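Asker: Have a look at the structure that comes next, please.
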Amino acid sequence: PTARAAGAAPAPRRGRRLDARSSTSTGSTGDDVLVDASAGRRHRRWHADLRDAHHAERREADGEGHDDLANQVKTLYQTQAEGLEGPGPFTKPWFLSFAMFLGMLLALPLHFASGAQKPDVPWTEVAWRCSFPALCDLMATTFGSMGLIFVSASTFQICRGASVVFVALFTVAFLGRPLSRSQVSGVLMVVMALCVIGRASVAGAGKSAKPEESPPEAAEAAALFGVLLIVGAQVFQAVQFVCF
């Protein structure tokens, strides 16, 4: 009461009113507050877009973006096409890999045309760092597409989980990082799941085989070969993950 009677100014409140009052006392019209609020909204929106893009990249790296691709490739393999030896299913994994990587290669001129900054390292090192991971990706994609010929799309997706096992092994072997007990337990669970799914896929192929087309033993052998191809493809994928 004594301060108010003496004419002292009341204590300023915290928050935006403090900024508005201080800007008004210094001669500003309040536009600075609006500009700061607009900049803050743009900054939060930019962070939200960046977070969504990061989550999308993580989902694609984890394999969620390959579900539709596996179904489309499996459907393409079951499509009848006219070839040199007559009509038959379009089982051309090498052609699909070539078409996929050709589409990726077409983005290279756009990269240089966009005015991207030149690397600080020599071009020989750039070629090495780009060619070896690309080779691993090529082998993983091709072997996986070959294995998809002999198994279903669901088996293909589950067998791709073998990359977790090889990444764990290569992390210990190449990077020298020990695994915790929880990580070892998780890897063992993945191995057991892969064994169960592989065995079920092989047994299911033998039961669903038509004797007039192929014996059950041949169908089981083909399914086992497909599972091994897909699991072997994850070795190249794990090298790409760990070393690059």
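Identifiers in this document derive from the order of the structure tokens: chains are assigned A, B, ..., residues are numbered from 1 separately in each chain, and ligands are numbered from 1 in order of occurrence.
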Going by DSSP on the backbone, which bits of region 84-229 of chain A are strand (DSSP E or B)? Write them as a count of residues only, please.
Answerer: 4
Asker: Per residue of region 143-171 of chain A within 12 Å of region 186-209 of chain A, note the shortest atom pair and the distance in Å to one decimal, counting only C-alpha atoms, and order the rows by chain and increasing residue number, as CSV.
Answerer:
residue,atom,partner,partner_atom,distance
A:Phe150,CA,A:Ala205,CA,9.0
A:Val151,CA,A:Ser201,CA,7.3
A:Ser152,CA,A:Ser201,CA,8.3
A:Ala153,CA,A:Ser201,CA,11.1
A:Ser154,CA,A:Ser201,CA,9.8
A:Thr155,CA,A:Ser201,CA,7.0
A:Phe156,CA,A:Gly198,CA,9.9
A:Gln157,CA,A:Ile197,CA,10.7
A:Ile158,CA,A:Leu194,CA,7.4
A:Cys159,CA,A:Leu194,CA,6.3
A:Arg160,CA,A:Leu194,CA,9.3
A:Gly161,CA,A:Val190,CA,7.4
A:Ala162,CA,A:Leu194,CA,7.3
A:Ser163,CA,A:Val190,CA,9.8
A:Val164,CA,A:Val187,CA,7.1
A:Val165,CA,A:Val187,CA,5.7
A:Phe166,CA,A:Val187,CA,9.3
A:Val167,CA,A:Val187,CA,9.9
A:Ala168,CA,A:Val187,CA,7.6
A:Leu169,CA,A:Val187,CA,9.5
Asker: Next, the residues of the selection above should be written as a compact mmCIF listing (two decimals), in the first residue's frame with C-alpha atoms.
Answerer:
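What follows is the written file again.txt:
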# COMPACT_ATOMS: atom_id res chain seq x y z
CA PHE A 150 10.43 -69.49 -54.03
CA VAL A 151 8.66 -68.19 -50.89
CA SER A 152 5.68 -66.03 -50.06
CA ALA A 153 5.87 -62.29 -49.45
CA SER A 154 5.17 -62.74 -45.73
CA THR A 155 8.04 -65.20 -45.36
CA PHE A 156 10.28 -62.77 -47.22
CA GLN A 157 9.45 -59.94 -44.83
CA ILE A 158 10.09 -62.06 -41.74
CA CYS A 159 13.35 -63.51 -43.05
CA ARG A 160 14.61 -59.99 -43.62
CA GLY A 161 14.78 -59.77 -39.84
CA ALA A 162 17.98 -61.81 -40.04
CA SER A 163 19.78 -58.51 -40.62
CA VAL A 164 19.44 -57.90 -36.86
CA VAL A 165 21.50 -61.02 -36.16
CA PHE A 166 24.26 -60.21 -38.63
CA VAL A 167 24.42 -56.57 -37.56
CA ALA A 168 24.94 -57.72 -33.96
CA LEU A 169 27.68 -60.14 -35.00
Asker: Neighbouring residues of region 121-133 of chain A were defined as those with any atom within 9 Å, considering only C-alpha atoms; residues of the same chain fewer than 6 positions away were excluded. Please report them as number ranges by chain.
Answerer: A: 236-237, 239-241, 243-244
Asker: What's the separation between CA of Ser185 (chain A) and CA of Ala70 (chain A), in Å to one decimal place?
Answerer: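 Distance between the two atoms: 28.9 Å.
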Asker: Can you list every residue in region 76-145 of chain A that DSSP puts in alpha helix (DSSP H), as a ChimeraX atom specification?
Answerer: /A:76-77,93-105,107-113,123-145
Asker: Can you work out which one of A:Ala173, A:Leu110, A:Val242, A:Met146 has the shortest atom-to-atom distance to Leu96 (chain A), counting only C-alpha atoms?
Answerer: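 The answer is A:Met146, which sits nearest to Leu96 (chain A).
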Asker: So how many Å separate CA of Phe90 (chain A) and CA of Ile149 (chain A), to one decimal?
Answerer: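 Distance reported for this atom pair: 9.9 Å.
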Asker: To one decimal place, how far is CA of Ser145 (chain A) from CA of Val184 (chain A) in Å?
Answerer: 29.4 Å
Asker: Please provide the set of residues having any atom within 10 Å of Thr91 (chain A), restricted to only C-alpha atoms, with same-chain residues fewer than 6 positions apart removed, written as a PyMOL selection string.
Answerer: chain A and resi 73-74+76-81+145-146+148-149
Asker: Taking only C-alpha atoms into account, which of A:Leu229, A:Leu224, A:Met104, A:Ala238 comes nearest Phe143 (chain A)?
Answerer: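 Closest to Phe143 (chain A), using only C-alpha atoms: A:Leu229.
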